[in-house]
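File shown: query_25.pdb (PDB, C-alpha atoms, pLDDT in the B column).
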```pdb
ATOM      1  CA  THR A   1      47.871  25.550 -21.592  1.00 70.00           C
ATOM      2  CA  VAL A   2      46.508  26.737 -18.289  1.00 89.00           C
ATOM      3  CA  LEU A   3      42.951  26.781 -19.611  1.00 92.00           C
ATOM      4  CA  GLY A   4      43.370  23.163 -20.710  1.00 91.00           C
ATOM      5  CA  VAL A   5      44.050  22.226 -17.095  1.00 93.00           C
ATOM      6  CA  VAL A   6      41.038  24.284 -16.039  1.00 95.00           C
ATOM      7  CA  ALA A   7      38.919  22.433 -18.620  1.00 94.00           C
ATOM      8  CA  VAL A   8      40.112  19.039 -17.380  1.00 93.00           C
ATOM      9  CA  THR A   9      39.388  19.975 -13.780  1.00 94.00           C
ATOM     10  CA  LEU A  10      35.961  21.548 -14.238  1.00 95.00           C
ATOM     11  CA  VAL A  11      34.595  19.288 -16.979  1.00 94.00           C
ATOM     12  CA  GLY A  12      35.804  16.228 -15.077  1.00 91.00           C
ATOM     13  CA  ARG A  13      34.126  17.521 -11.927  1.00 92.00           C
ATOM     14  CA  TYR A  14      30.772  18.078 -13.617  1.00 93.00           C
ATOM     15  CA  ILE A  15      30.892  14.800 -15.529  1.00 91.00           C
ATOM     16  CA  GLY A  16      31.762  12.999 -12.299  1.00 88.00           C
ATOM     17  CA  ALA A  17      28.784  14.647 -10.608  1.00 90.00           C
ATOM     18  CA  GLY A  18      26.533  13.580 -13.485  1.00 89.00           C
ATOM     19  CA  ASP A  19      25.792  17.163 -14.566  1.00 92.00           C
ATOM     20  CA  LYS A  20      26.338  16.936 -18.326  1.00 93.00           C
ATOM     21  CA  ASP A  21      24.604  20.208 -19.128  1.00 94.00           C
ATOM     22  CA  GLU A  22      26.896  22.126 -16.792  1.00 95.00           C
ATOM     23  CA  ALA A  23      29.948  20.302 -18.227  1.00 94.00           C
ATOM     24  CA  LYS A  24      29.009  21.430 -21.733  1.00 94.00           C
ATOM     25  CA  LEU A  25      28.281  24.981 -20.583  1.00 96.00           C
ATOM     26  CA  ILE A  26      31.546  25.355 -18.667  1.00 96.00           C
ATOM     27  CA  LEU A  27      33.582  23.965 -21.577  1.00 95.00           C
ATOM     28  CA  LYS A  28      32.041  26.537 -23.916  1.00 95.00           C
ATOM     29  CA  LYS A  29      32.801  29.334 -21.429  1.00 96.00           C
ATOM     30  CA  ILE A  30      36.415  28.236 -21.086  1.00 96.00           C
ATOM     31  CA  ILE A  31      36.740  28.147 -24.886  1.00 95.00           C
ATOM     32  CA  ARG A  32      35.476  31.731 -25.133  1.00 95.00           C
ATOM     33  CA  ILE A  33      37.959  32.874 -22.483  1.00 95.00           C
ATOM     34  CA  GLY A  34      40.698  31.025 -24.356  1.00 94.00           C
ATOM     35  CA  TYR A  35      39.925  32.846 -27.588  1.00 93.00           C
ATOM     36  CA  ALA A  36      40.034  36.213 -25.867  1.00 93.00           C
ATOM     37  CA  MET A  37      43.352  35.505 -24.174  1.00 93.00           C
ATOM     38  CA  TYR A  38      45.009  33.844 -27.168  1.00 90.00           C
ATOM     39  CA  GLY A  39      43.851  36.572 -29.532  1.00 87.00           C
ATOM     40  CA  VAL A  40      45.399  39.279 -27.382  1.00 91.00           C
ATOM     41  CA  VAL A  41      48.697  37.399 -27.093  1.00 91.00           C
ATOM     42  CA  MET A  42      48.929  36.578 -30.814  1.00 88.00           C
ATOM     43  CA  VAL A  43      48.060  40.117 -31.928  1.00 88.00           C
ATOM     44  CA  ALA A  44      50.628  41.536 -29.502  1.00 92.00           C
ATOM     45  CA  ALA A  45      53.231  39.041 -30.739  1.00 90.00           C
ATOM     46  CA  PHE A  46      52.443  39.944 -34.338  1.00 88.00           C
ATOM     47  CA  PHE A  47      53.349  43.567 -33.671  1.00 91.00           C
ATOM     48  CA  ILE A  48      56.225  43.030 -31.208  1.00 94.00           C
ATOM     49  CA  LEU A  49      58.169  40.123 -32.760  1.00 91.00           C
ATOM     50  CA  PRO A  50      59.287  41.973 -35.921  1.00 91.00           C
ATOM     51  CA  PHE A  51      61.238  44.305 -33.624  1.00 93.00           C
ATOM     52  CA  ILE A  52      62.780  41.377 -31.719  1.00 93.00           C
ATOM     53  CA  PHE A  53      63.773  39.224 -34.733  1.00 93.00           C
ATOM     54  CA  PRO A  54      66.702  41.456 -35.779  1.00 94.00           C
ATOM     55  CA  ALA A  55      68.364  40.833 -32.401  1.00 94.00           C
ATOM     56  CA  TYR A  56      68.829  37.198 -33.423  1.00 91.00           C
ATOM     57  CA  THR A  57      69.893  37.540 -37.041  1.00 91.00           C
ATOM     58  CA  LYS A  58      71.164  40.150 -39.459  1.00 90.00           C
ATOM     59  CA  SER A  59      70.277  38.094 -42.554  1.00 94.00           C
ATOM     60  CA  ASP A  60      67.630  39.792 -44.677  1.00 94.00           C
ATOM     61  CA  GLU A  61      66.627  36.410 -46.095  1.00 94.00           C
ATOM     62  CA  THR A  62      66.070  34.953 -42.610  1.00 94.00           C
ATOM     63  CA  LEU A  63      64.146  38.034 -41.483  1.00 93.00           C
ATOM     64  CA  SER A  64      61.945  37.777 -44.575  1.00 92.00           C
ATOM     65  CA  LEU A  65      61.264  34.100 -43.851  1.00 92.00           C
ATOM     66  CA  LEU A  66      60.476  34.858 -40.211  1.00 92.00           C
ATOM     67  CA  GLY A  67      58.019  37.529 -41.340  1.00 91.00           C
ATOM     68  CA  LYS A  68      56.254  35.051 -43.627  1.00 90.00           C
ATOM     69  CA  LEU A  69      56.117  32.433 -40.882  1.00 91.00           C
ATOM     70  CA  LEU A  70      54.718  34.974 -38.427  1.00 90.00           C
ATOM     71  CA  ILE A  71      51.944  35.962 -40.842  1.00 90.00           C
ATOM     72  CA  VAL A  72      51.001  32.349 -41.595  1.00 88.00           C
ATOM     73  CA  GLU A  73      51.087  31.411 -37.922  1.00 87.00           C
ATOM     74  CA  THR A  74      49.011  34.386 -36.806  1.00 87.00           C
ATOM     75  CA  LEU A  75      46.352  34.072 -39.506  1.00 87.00           C
ATOM     76  CA  MET A  76      45.954  30.313 -39.219  1.00 85.00           C
ATOM     77  CA  ARG A  77      46.307  29.809 -35.459  1.00 85.00           C
ATOM     78  CA  ILE A  78      44.032  32.447 -33.914  1.00 84.00           C
ATOM     79  CA  PRO A  79      40.804  30.944 -35.335  1.00 87.00           C
ATOM     80  CA  ILE A  80      41.539  27.382 -34.193  1.00 90.00           C
ATOM     81  CA  MET A  81      44.117  26.757 -31.495  1.00 88.00           C
ATOM     82  CA  PRO A  82      42.396  27.978 -28.325  1.00 88.00           C
ATOM     83  CA  GLY A  83      39.217  26.084 -29.111  1.00 91.00           C
ATOM     84  CA  LEU A  84      41.033  22.962 -30.264  1.00 94.00           C
ATOM     85  CA  ASN A  85      43.301  22.610 -27.253  1.00 92.00           C
ATOM     86  CA  ILE A  86      40.556  23.296 -24.747  1.00 94.00           C
ATOM     87  CA  MET A  87      38.084  20.947 -26.487  1.00 94.00           C
ATOM     88  CA  LEU A  88      40.668  18.139 -26.531  1.00 93.00           C
ATOM     89  CA  ASN A  89      41.272  18.553 -22.797  1.00 93.00           C
ATOM     90  CA  GLY A  90      37.561  18.776 -22.043  1.00 93.00           C
ATOM     91  CA  PHE A  91      36.811  15.632 -24.031  1.00 92.00           C
ATOM     92  CA  LYS A  92      39.583  13.739 -22.261  1.00 90.00           C
ATOM     93  CA  ALA A  93      38.185  14.828 -18.906  1.00 90.00           C
ATOM     94  CA  ALA A  94      34.803  13.454 -19.961  1.00 91.00           C
ATOM     95  CA  GLY A  95      36.353  10.077 -20.847  1.00 89.00           C
ATOM     96  CA  ASP A  96      36.415  10.625 -24.614  1.00 90.00           C
ATOM     97  CA  ALA A  97      40.195  10.375 -25.054  1.00 89.00           C
ATOM     98  CA  LYS A  98      40.067   7.545 -27.596  1.00 91.00           C
ATOM     99  CA  PHE A  99      38.113   9.606 -30.135  1.00 92.00           C
ATOM    100  CA  SER A 100      40.454  12.578 -29.729  1.00 91.00           C
ATOM    101  CA  THR A 101      43.509  10.378 -30.157  1.00 93.00           C
ATOM    102  CA  VAL A 102      42.218   8.619 -33.278  1.00 95.00           C
ATOM    103  CA  VAL A 103      41.261  11.929 -34.909  1.00 95.00           C
ATOM    104  CA  SER A 104      44.630  13.465 -34.006  1.00 94.00           C
ATOM    105  CA  VAL A 105      46.585  10.571 -35.509  1.00 95.00           C
ATOM    106  CA  MET A 106      44.481  10.519 -38.679  1.00 96.00           C
ATOM    107  CA  CYS A 107      44.818  14.281 -39.179  1.00 95.00           C
ATOM    108  CA  MET A 108      48.559  14.113 -38.600  1.00 94.00           C
ATOM    109  CA  TRP A 109      49.171  11.377 -41.179  1.00 96.00           C
ATOM    110  CA  ILE A 110      46.625  12.367 -43.786  1.00 95.00           C
ATOM    111  CA  VAL A 111      46.776  16.149 -43.640  1.00 95.00           C
ATOM    112  CA  ASN A 112      50.053  17.097 -41.992  1.00 94.00           C
ATOM    113  CA  VAL A 113      52.269  14.503 -43.661  1.00 96.00           C
ATOM    114  CA  GLY A 114      50.304  14.138 -46.910  1.00 96.00           C
ATOM    115  CA  VAL A 115      49.660  17.807 -47.579  1.00 96.00           C
ATOM    116  CA  GLY A 116      53.084  18.685 -46.167  1.00 96.00           C
ATOM    117  CA  TYR A 117      54.721  16.422 -48.731  1.00 97.00           C
ATOM    118  CA  ILE A 118      52.821  18.096 -51.552  1.00 97.00           C
ATOM    119  CA  LEU A 119      53.501  21.645 -50.324  1.00 96.00           C
ATOM    120  CA  VAL A 120      57.183  21.065 -49.528  1.00 96.00           C
ATOM    121  CA  CYS A 121      58.358  18.534 -52.111  1.00 96.00           C
ATOM    122  CA  LYS A 122      56.063  19.157 -55.054  1.00 96.00           C
ATOM    123  CA  LEU A 123      55.361  22.891 -54.732  1.00 96.00           C
ATOM    124  CA  GLY A 124      58.706  23.843 -53.154  1.00 96.00           C
ATOM    125  CA  LEU A 125      57.286  25.935 -50.314  1.00 94.00           C
ATOM    126  CA  GLY A 126      59.869  24.720 -47.777  1.00 94.00           C
ATOM    127  CA  VAL A 127      59.330  25.511 -44.117  1.00 93.00           C
ATOM    128  CA  VAL A 128      56.374  27.786 -44.937  1.00 92.00           C
ATOM    129  CA  GLY A 129      54.671  24.812 -46.619  1.00 94.00           C
ATOM    130  CA  MET A 130      55.319  22.645 -43.578  1.00 94.00           C
ATOM    131  CA  LEU A 131      53.813  25.288 -41.289  1.00 93.00           C
ATOM    132  CA  ILE A 132      50.788  25.585 -43.579  1.00 93.00           C
ATOM    133  CA  SER A 133      50.290  21.798 -43.555  1.00 95.00           C
ATOM    134  CA  ALA A 134      50.578  21.662 -39.747  1.00 94.00           C
ATOM    135  CA  ASN A 135      47.931  24.364 -39.475  1.00 93.00           C
ATOM    136  CA  LEU A 136      45.681  22.651 -42.034  1.00 94.00           C
ATOM    137  CA  SER A 137      45.954  19.509 -39.918  1.00 95.00           C
ATOM    138  CA  ALA A 138      44.897  21.520 -36.869  1.00 94.00           C
ATOM    139  CA  ILE A 139      41.989  23.022 -38.839  1.00 94.00           C
ATOM    140  CA  ALA A 140      40.818  19.540 -39.871  1.00 96.00           C
ATOM    141  CA  LYS A 141      41.083  18.326 -36.275  1.00 96.00           C
ATOM    142  CA  PHE A 142      39.297  21.452 -35.016  1.00 95.00           C
ATOM    143  CA  THR A 143      36.436  20.893 -37.465  1.00 96.00           C
ATOM    144  CA  VAL A 144      35.936  17.298 -36.334  1.00 96.00           C
ATOM    145  CA  MET A 145      36.193  18.266 -32.654  1.00 95.00           C
ATOM    146  CA  LEU A 146      33.716  21.117 -33.105  1.00 95.00           C
ATOM    147  CA  LEU A 147      31.237  18.683 -34.661  1.00 96.00           C
ATOM    148  CA  ARG A 148      31.859  16.345 -31.714  1.00 94.00           C
ATOM    149  CA  LEU A 149      31.274  19.194 -29.244  1.00 94.00           C
ATOM    150  CA  ARG A 150      27.998  20.174 -30.889  1.00 93.00           C
ATOM    151  CA  SER A 151      26.773  16.581 -31.151  1.00 93.00           C
ATOM    152  CA  GLY A 152      27.161  16.031 -27.408  1.00 91.00           C
ATOM    153  CA  LYS A 153      28.473  12.468 -27.922  1.00 90.00           C
ATOM    154  CA  TRP A 154      31.515  13.274 -25.791  1.00 89.00           C
ATOM    155  CA  LEU A 155      29.192  13.679 -22.809  1.00 88.00           C
ATOM    156  CA  HIS A 156      28.061  10.058 -22.929  1.00 82.00           C
ATOM    157  CA  LYS A 157      31.439   8.439 -22.327  1.00 69.00           C
ATOM    158  CA  LYS A 158      32.283   7.059 -18.919  1.00 59.00           C
ATOM    159  CA  MET A 159      35.696   6.144 -17.639  1.00 56.00           C
ATOM    160  CA  ILE A 160      34.305   4.155 -14.707  1.00 56.00           C
ATOM    161  CA  LYS A 161      31.149   2.101 -15.139  1.00 52.00           C
TER
END
```
structure tokens encoding of this file:
Amino acid sequence: TVLGVVAVTLVGRYIGAGDKDEAKLILKKIIRIGYAMYGVVMVAAFFILPFIFPAYTKSDETLSLLGKLLIVETLMRIPIMPGLNIMLNGFKAAGDAKFSTVVSVMCMWIVNVGVGYILVCKLGLGVVGMLISANLSAIAKFTVMLLRLRSGKWLHKKMIK
């Protein structure tokens, strides 16, 4: 996202200048802006897309599935995605890419694949189950990244020593 690039640029600048407090402050400001922008877009999409879907299919079953997917996506994504994406970019700019990568891989295999298997194969939820598991993976990653943000450990990494 655009705000991810902004986070990389500004956080990297402040970390490079040795101003860790300003890096943390600017990352939090960018996250707040991200939530405002993403919330507006997702709410607008929630109300507009049901009118656009019928242009692509006449199947009532497909339209019903699209409606379910839209509800799951809207409810699960708004609380996490802006903050998650911006935090990941900010941490990478601060030299904390290894932590972000390890957490992302673990969440993908444990939550996305593991929970996805249960929801899709065992509970028969199909594509809705896969979307739920992908969002649960993002929620797990968001939780870990939020703890990392609050701890301040990401500020103590250096790419060049």
>> What's the separation between atom CA of A:Thr101 and atom CA of A:Leu88, in Å to one decimal place?
In response: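 Between atom CA of A:Thr101 and atom CA of A:Leu88 the gap is 9.0 Å.
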>> Report as a list in words all protein, DNA and RNA residues lying within 7 Å of A:Ile31, evaluated on only C-alpha atoms, omitting residues in the same chain fewer than 2 positions from it.
In response: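 The residues satisfying every condition are Leu27, Lys28, Lys29, Ile33, Gly34, Tyr35, Pro82, Gly83 and Ile86 of chain A.
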What lies within 10 Å of A:Gly152 using only C-alpha atoms, ignoring chain neighbours under 6 positions off, as a compact mmCIF listing (two decimals) with C-alpha atoms, keeping the file's coordinate frame?
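Once written, selection-v4.txt looks like this:
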```
# COMPACT_ATOMS: atom_id res chain seq x y z
CA LYS A 20 26.34 16.94 -18.33
CA ASP A 21 24.60 20.21 -19.13
CA LYS A 24 29.01 21.43 -21.73
```
>> Between atom CA of A:Leu66 and atom CA of A:Ser133, what distance in Å does the model show, to one decimal?
In response: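 For atom CA of A:Leu66 relative to atom CA of A:Ser133, the distance reads 16.9 Å.
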> What is the atom CA of A:Tyr56 to atom CA of A:Ile71 distance in Å?
Replying inline: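 Answer for the atom CA of A:Tyr56 to atom CA of A:Ile71 separation: 18.5 Å.
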